file input_27.txt (compact mmCIF, C-alpha atoms)
# COMPACT_ATOMS: atom_id res chain seq x y z
CA MET A 1 9.36 -12.40 -6.34
CA ASN A 2 10.53 -10.16 -3.52
CA GLU A 3 8.20 -8.03 -1.28
CA ASN A 4 6.63 -6.53 -3.35
CA LEU A 5 5.04 -9.74 -4.54
CA SER A 6 6.27 -12.86 -2.75
CA GLN A 7 6.85 -11.45 0.72
CA MET A 8 3.73 -9.33 0.82
CA VAL A 9 1.86 -12.28 2.33
CA LYS A 10 4.17 -12.22 5.35
CA ASN A 11 3.70 -9.95 8.34
CA GLY A 12 6.79 -7.85 8.99
CA VAL A 13 8.32 -6.66 12.23
CA THR A 14 9.38 -3.06 12.47
CA GLU A 15 13.13 -2.74 12.79
CA GLU A 16 12.97 0.28 15.09
CA ALA A 17 10.40 2.60 16.62
CA VAL A 18 9.90 5.07 13.78
CA VAL A 19 6.44 6.59 13.97
CA PHE A 20 4.82 8.77 11.33
CA SER A 21 1.43 10.42 11.36
CA GLU A 22 -0.59 10.94 8.21
CA ALA A 23 -0.43 14.71 8.74
CA ASP A 24 3.38 14.60 8.61
CA LEU A 25 3.53 13.01 5.17
CA ASP A 26 4.31 15.16 2.17
CA ILE A 27 2.07 13.24 -0.21
CA PRO A 28 1.17 14.98 -3.48
CA GLU A 29 -2.48 15.94 -3.46
CA THR A 30 -4.02 14.45 -6.61
CA PRO A 31 -7.79 14.58 -6.19
CA ALA A 32 -9.63 11.63 -7.67
CA GLU A 33 -11.76 13.86 -9.89
CA GLU A 34 -8.69 15.55 -11.36
CA VAL A 35 -7.08 12.21 -12.23
CA GLN A 36 -10.21 11.14 -14.08
CA GLN A 37 -9.85 14.12 -16.40
CA THR A 38 -6.10 14.10 -17.05
CA ALA A 39 -4.93 10.49 -16.76
CA ASN A 40 -5.92 7.26 -18.48
CA PRO A 41 -9.69 7.36 -19.06
CA ASN A 42 -10.09 3.91 -17.50
CA ILE A 43 -11.39 4.07 -13.96
CA ILE A 44 -11.58 1.90 -10.87
CA GLU A 45 -14.81 2.10 -8.94
CA ILE A 46 -14.80 2.41 -5.16
CA THR A 47 -16.98 0.25 -2.94
CA ASN A 48 -17.09 -0.38 0.81
CA LEU A 49 -15.02 -2.82 2.84
CA ALA A 50 -18.02 -4.70 4.27
CA SER A 51 -19.45 -5.74 0.89
CA TRP A 52 -16.05 -6.22 -0.82
CA PHE A 53 -14.42 -8.43 1.80
CA ASP A 54 -16.51 -11.62 1.43
CA GLY A 55 -15.65 -11.92 -2.26
CA ASN A 56 -11.91 -11.57 -1.64
CA VAL A 57 -11.08 -13.13 1.72
CA GLN A 58 -10.24 -16.46 0.06
CA ASN A 59 -7.20 -14.76 -1.50
CA PHE A 60 -5.71 -13.93 1.92
CA PRO A 61 -4.35 -17.10 3.60
CA SER A 62 -3.67 -15.48 6.97
CA ILE A 63 -7.06 -13.71 7.29
CA ARG A 64 -10.36 -15.36 8.17
CA LYS A 65 -13.88 -14.17 8.80
CA PRO A 66 -15.55 -16.02 11.71
CA THR A 67 -18.80 -17.72 10.77
CA VAL A 68 -20.38 -17.32 14.20
CA SER A 69 -22.72 -14.44 14.92
CA ILE A 70 -21.91 -12.11 17.80
CA THR A 71 -24.51 -10.21 19.77
CA GLY A 72 -24.33 -6.51 19.08
CA VAL A 73 -22.27 -6.88 15.88
CA ASP A 74 -24.14 -5.98 12.68
CA PRO A 75 -22.37 -7.83 9.81
CA ALA A 76 -23.74 -5.31 7.33
CA GLU A 77 -21.93 -2.48 9.11
CA GLN A 78 -19.13 -4.05 11.16
CA LEU A 79 -16.47 -6.47 9.96
CA LEU A 80 -14.79 -8.88 12.37
CA VAL A 81 -11.75 -10.83 11.16
CA THR A 82 -9.04 -12.98 12.68
CA ILE A 83 -5.42 -12.80 11.60
CA GLY A 84 -2.84 -15.56 11.89
CA SER A 85 0.27 -14.83 13.90
CA GLU A 86 3.67 -16.45 13.35
CA GLU A 87 3.90 -19.44 11.02
CA GLY A 88 3.15 -22.66 12.88
CA SER A 89 1.29 -20.92 15.70
CA GLU A 90 -2.45 -21.41 16.19
CA LYS A 91 -2.85 -18.10 18.00
CA ARG A 92 -4.88 -15.54 16.07
CA ARG A 93 -5.50 -11.83 16.50
CA ILE A 94 -9.03 -10.38 16.35
CA VAL A 95 -9.65 -7.12 14.50
CA ILE A 96 -12.96 -5.28 14.28
CA PHE A 97 -13.63 -2.67 11.59
CA ASP A 98 -16.38 -0.44 12.90
CA ASP A 99 -18.45 1.22 10.18
CA ALA A 100 -16.96 -1.11 7.56
CA HIS A 101 -19.87 -0.15 5.31
CA LEU A 102 -18.37 3.35 5.16
CA ILE A 103 -14.71 2.38 4.68
CA PRO A 104 -13.72 2.80 1.00
CA VAL A 105 -11.79 0.18 -0.98
CA LEU A 106 -11.16 -0.30 -4.69
CA ASP A 107 -13.78 -2.54 -6.25
CA ARG A 108 -11.38 -4.99 -7.87
CA PRO A 109 -10.25 -8.52 -6.94
CA ALA A 110 -7.19 -8.32 -4.72
CA MET A 111 -4.08 -10.49 -4.44
CA ASP A 112 -3.05 -9.51 -0.91
CA MET A 113 -4.29 -7.76 2.20
CA GLN A 114 -2.32 -6.80 5.29
CA ILE A 115 -4.00 -5.39 8.39
CA TYR A 116 -1.99 -3.14 10.69
CA ASN A 117 -2.79 -1.32 13.91
CA ASN A 118 -3.42 1.97 12.11
CA GLY A 119 -5.07 0.77 8.89
CA PHE A 120 -4.74 -1.76 6.12
CA ARG A 121 -3.03 -2.28 2.78
CA ILE A 122 -4.61 -4.06 -0.18
CA VAL A 123 -2.66 -4.97 -3.32
CA TYR A 124 -4.38 -5.26 -6.70
CA ASP A 125 -3.15 -6.49 -10.08
CA ILE A 126 -5.10 -4.36 -12.55
CA GLY A 127 -3.37 -5.75 -15.64
CA ASN A 128 -0.77 -4.64 -18.18
CA GLY A 129 1.98 -4.75 -15.57
CA ILE A 130 0.21 -2.20 -13.35
CA PHE A 131 -0.39 -2.87 -9.67
CA VAL A 132 -2.03 -0.74 -6.99
CA LYS A 133 -1.11 -0.69 -3.32
CA SER A 134 -4.16 0.81 -1.67
CA TYR A 135 -3.96 2.05 1.93
CA GLY A 136 -7.01 2.50 4.12
CA VAL A 137 -6.42 5.52 6.37
CA ARG A 138 -8.59 7.62 8.65
CA THR A 139 -9.40 10.22 5.98
CA GLY A 140 -10.18 7.84 3.13
CA LEU A 141 -8.12 5.84 0.66
CA ILE A 142 -4.61 6.42 -0.67
CA SER A 143 -3.70 4.39 -3.76
CA VAL A 144 -0.12 3.98 -4.94
CA PHE A 145 0.24 2.95 -8.60
CA CYS A 146 3.22 0.73 -9.36
CA ASN A 147 4.96 -0.78 -12.36
CA ASP A 148 6.08 -4.41 -12.20
CA ILE A 149 9.80 -4.13 -12.92
CA ASP A 150 11.56 -7.50 -12.75
CA ASP A 151 8.99 -8.84 -10.26
CA THR A 152 9.34 -5.77 -8.05
CA LEU A 153 6.59 -3.20 -7.55
CA ILE A 154 8.04 0.26 -8.22
CA PRO A 155 5.71 3.12 -7.16
CA TYR A 156 5.22 5.99 -9.61
CA ALA A 157 2.04 7.85 -8.64
CA ILE A 158 -0.16 8.45 -5.60
CA VAL A 159 -3.90 9.16 -5.80
CA ARG A 160 -5.87 10.20 -2.74
CA ALA A 161 -9.61 9.51 -2.65
CA LYS A 162 -11.94 10.97 -0.04
CA LYS A 163 -14.67 8.89 1.55
CA LYS A 164 -17.30 10.52 -0.68
CA ASP A 165 -15.51 9.62 -3.94
CA THR A 166 -16.97 6.82 -6.03
CA GLU A 167 -14.06 6.10 -8.40
CA ILE A 168 -10.45 6.90 -9.24
CA GLY A 169 -8.70 7.09 -12.58
CA ILE A 170 -5.94 4.68 -13.58
CA VAL A 171 -2.61 6.46 -13.82
CA THR A 172 0.03 4.98 -16.12
CA ARG A 173 3.78 5.39 -16.60
CA ASP A 174 5.98 3.88 -19.27
CA PRO A 175 8.01 1.06 -17.64
CA ALA A 176 10.92 1.93 -19.96
CA ASP A 177 11.11 5.36 -18.35
CA VAL A 178 11.18 3.77 -14.89
CA ARG A 179 13.97 1.40 -15.94
CA HIS A 180 15.98 4.33 -17.27
CA LYS A 181 15.58 6.24 -14.01
CA LEU A 182 16.59 3.18 -12.01
CA SER A 183 19.85 2.97 -13.93
CA GLU A 184 20.87 6.54 -13.10
CA ALA A 185 23.40 7.48 -10.43
CA LEU A 186 21.92 8.16 -7.01
CA ASP A 187 21.84 11.64 -5.49
CA ILE A 188 22.67 10.40 -2.00
CA GLU A 189 22.27 13.82 -0.38
CA ALA A 190 18.78 14.22 -1.79
CA LEU A 191 17.86 10.73 -0.59
CA GLN A 192 19.08 11.45 2.93
CA LEU A 193 17.03 14.65 3.01
CA ARG A 194 13.93 12.75 1.94
CA TYR A 195 14.53 9.78 4.24
CA LYS A 196 17.07 10.38 6.97
CA GLN A 197 17.30 6.68 7.92
CA SER A 198 19.11 6.10 4.62
CA SER A 199 22.23 7.64 6.16
CA LYS A 200 22.74 4.26 7.85
CA ALA A 201 22.76 2.38 4.54
CA GLU A 202 25.94 1.32 2.79
CA GLY A 203 26.74 0.69 -0.85
CA LEU A 204 24.00 2.86 -2.36
CA ASP A 205 25.36 4.21 -5.62
CA SER A 206 22.47 3.98 -8.09
CA ASN A 207 18.77 4.70 -7.93
CA HIS A 208 18.20 0.97 -8.34
CA SER A 209 20.26 0.06 -5.28
CA ALA A 210 18.56 2.76 -3.22
CA ILE A 211 15.06 1.65 -4.25
CA ASN A 212 15.88 -1.98 -3.45
CA TRP A 213 17.10 -0.92 -0.01
CA LEU A 214 13.97 1.12 0.61
CA LEU A 215 11.68 -1.73 -0.45
CA GLU A 216 13.51 -4.24 1.72
CA ARG A 217 13.10 -1.89 4.65
CA GLN A 218 9.43 -1.33 3.84
CA ALA A 219 8.83 -5.09 3.98
CA THR A 220 9.72 -5.08 7.70
CA ILE A 221 7.37 -2.22 8.63
CA GLU A 222 3.84 -2.47 10.00
CA ASP A 223 2.99 1.23 10.14
CA ILE A 224 0.79 2.49 7.29
CA ASN A 225 2.18 6.01 7.36
CA HIS A 226 5.76 4.76 7.23
CA HIS A 227 4.82 2.64 4.20
CA LEU A 228 3.48 5.76 2.52
CA GLN A 229 6.57 7.72 3.46
CA ILE A 230 8.79 5.20 1.68
CA ASP A 231 6.52 5.04 -1.37
CA ASN A 232 6.66 8.82 -1.63
CA VAL A 233 10.47 8.83 -1.32
CA ILE A 234 10.73 6.31 -4.16
CA ILE A 235 8.44 8.37 -6.39
CA ASP A 236 10.45 11.53 -5.73
CA THR A 237 13.72 9.69 -6.41
CA LEU A 238 12.50 8.48 -9.80
CA VAL A 239 10.97 11.71 -11.04
call {"tool": "encode", "arguments": {"input": "input_27.txt", "output": "C-alpha cells"}}
result
Amino acid sequence: MNENLSQMVKNGVTEEAVVFSEADLDIPETPAEEVQQTANPNIIEITNLASWFDGNVQNFPSIRKPTVSITGVDPAEQLLVTIGSEEGSEKRRIVIFDDAHLIPVLDRPAMDMQIYNNGFRIVYDIGNGIFVKSYGVRTGLISVFCNDIDDTLIPYAIVRAKKKDTEIGIVTRDPADVRHKLSEALDIEALQLRYKQSSKAEGLDSNHSAINWLLERQATIEDINHHLQIDNVIIDTLV
C-alpha cells in the first residue's frame, strides 16, 4: 500500500518551506453534534490522549513511552514519549504533551500515529473500508473520513470536534461514487486555485492523477495544517 497505508509509518521530510496556520485553512465547519443527527447513526466516542495512549502504543513501532518516572511529571496529566529518528539510528527525539488528560482523541484502536512539531495525526481503521485520519490541533480534534480505494485512503469528509465534545458521528460515502469522480477529467484551473503548488506538477489530466500527486506530496510533509490543506483540496476536487 502507498502512504496512505504502507508509508504512513515513515516520517516524511518537507520538500519546501510551506507553512500554513490553522486559521488560514478553509475547512468546512461540521459540528460534531450536527453530524450525529444527519449522518450514520453510529458514533465514535472521544477520550483523552493520556488514558488512550498506553493501550495503543504497541501499534506504533517508532514511538515509545519511557518506563522511568521523572520528578515533576504527573503521568496522569502529562505524556512523555520518545520518537525514533532515521532508520538505523539509535538517536531518539523526546516529546512532552502537557495536559494530555485534556487532549481529545478518538476512542478506537489505532493503526498509526505520527507526531509533528505542531500536533499529531492518528489513523484508525473503523471497518467496512472506512478509515479516519484524526489530527490533534490546538483547538481540538479534526477527523478526516476516508474510503479505502485500491489501498489508498481517499478523503471525503471532515468533522471538527471541540475539546468539550464527547463523540462524533461516522460519516459515510459510497466508494463507487468516489471511483466515478476519480475517473473524471481534471479541472486543472480549479486545482491550481485550491492548491497553487500544483502549477509545478506535470501530466495531471484526471482527478485520479491529481489526487495521487497530492497524496504523494502529503507523504513528505510534517506540518499538520498542510496535511489538512491537502485533504481539503482532495475533498473539494471530488465533490
call {"tool": "atom_distance", "arguments": {"input": "input_27.txt", "atom1": "atom CA of Tyr135 of chain A", "atom2": "atom CA of Asp231 of chain A"}}
result
11.4 Å
call {"tool": "atom_distance", "arguments": {"input": "input_27.txt", "atom1": "atom CA of Asn147 of chain A", "atom2": "atom CA of Arg173 of chain A"}}
result
7.6 Å
call {"tool": "closest_residue", "arguments": {"input": "input_27.txt", "among": "A:Leu49, A:Ile96, A:Ile235, A:Ala76", "to": "Arg194 of chain A", "atoms": "all atoms listed in the file"}}
result
A:Ile235
call {"tool": "axis_aligned_box", "arguments": {"input": "input_27.txt", "around": "segment 74-86 of chain A", "padding_each_side": "3 Å", "output": "lines of an AutoDock Vina configuration file"}}
result
center_x = -10.2
center_y = -9.5
center_z = 10.6
size_x = 33.8
size_y = 20.0
size_z = 12.6
call {"tool": "residues_around", "arguments": {"input": "input_27.txt", "residues": "Val137 of chain A", "least_positions_apart": "5", "cutoff": "12 Å", "atoms": "all atoms listed in the file", "output": "mmCIF file with C-alpha atoms, in the frame of the given file"}}
result
data_model
loop_
_atom_site.group_PDB
_atom_site.id
_atom_site.type_symbol
_atom_site.label_atom_id
_atom_site.label_comp_id
_atom_site.auth_asym_id
_atom_site.auth_seq_id
_atom_site.Cartn_x
_atom_site.Cartn_y
_atom_site.Cartn_z
ATOM 1 C CA SER A 21 1.430 10.420 11.360
ATOM 2 C CA GLU A 22 -0.590 10.940 8.210
ATOM 3 C CA ALA A 23 -0.430 14.710 8.740
ATOM 4 C CA ILE A 103 -14.710 2.380 4.680
ATOM 5 C CA PRO A 104 -13.720 2.800 1.000
ATOM 6 C CA VAL A 105 -11.790 0.180 -0.980
ATOM 7 C CA ILE A 115 -4.000 -5.390 8.390
ATOM 8 C CA TYR A 116 -1.990 -3.140 10.690
ATOM 9 C CA ASN A 117 -2.790 -1.320 13.910
ATOM 10 C CA ASN A 118 -3.420 1.970 12.110
ATOM 11 C CA GLY A 119 -5.070 0.770 8.890
ATOM 12 C CA PHE A 120 -4.740 -1.760 6.120
ATOM 13 C CA ARG A 121 -3.030 -2.280 2.780
ATOM 14 C CA ILE A 122 -4.610 -4.060 -0.180
ATOM 15 C CA ILE A 142 -4.610 6.420 -0.670
ATOM 16 C CA SER A 143 -3.700 4.390 -3.760
ATOM 17 C CA ARG A 160 -5.870 10.200 -2.740
ATOM 18 C CA ALA A 161 -9.610 9.510 -2.650
ATOM 19 C CA LYS A 162 -11.940 10.970 -0.040
ATOM 20 C CA LYS A 163 -14.670 8.890 1.550
ATOM 21 C CA ASP A 223 2.990 1.230 10.140
ATOM 22 C CA ILE A 224 0.790 2.490 7.290
ATOM 23 C CA ASN A 225 2.180 6.010 7.360
ATOM 24 C CA HIS A 227 4.820 2.640 4.200
ATOM 25 C CA LEU A 228 3.480 5.760 2.520
#
call {"tool": "atom_distance", "arguments": {"input": "input_27.txt", "atom1": "atom CA of Trp52 of chain A", "atom2": "atom CA of Glu77 of chain A"}}
result
12.1 Å
call {"tool": "residues_around", "arguments": {"input": "input_27.txt", "residues": "Asn56 of chain A", "least_positions_apart": "3", "cutoff": "12 Å", "atoms": "all atoms listed in the file", "output": "count of residues only"}}
result
23
call {"tool": "closest_residue", "arguments": {"input": "input_27.txt", "among": "A:Leu182, A:Ile158, A:Ile70, A:Ile130", "to": "Asn232 of chain A", "atoms": "all atoms listed in the file"}}
result
A:Ile158
call {"tool": "closest_residue", "arguments": {"input": "input_27.txt", "among": "A:Gln229, A:Asn128, A:Ser69, A:Thr47", "to": "His101 of chain A", "atoms": "all atoms listed in the file"}}
result
A:Thr47
call {"tool": "closest_residue", "arguments": {"input": "input_27.txt", "among": "A:Gln197, A:Gln192, A:Ser183, A:Thr152", "to": "Asn212 of chain A", "atoms": "only C-alpha atoms"}}
result
A:Thr152
call {"tool": "residues_around", "arguments": {"input": "input_27.txt", "residues": "segment 205-210 of chain A", "least_positions_apart": "3", "cutoff": "8 Å", "atoms": "only C-alpha atoms", "output": "NGL selection string"}}
result
:A and (181-188 or 213-214 or 237-238)
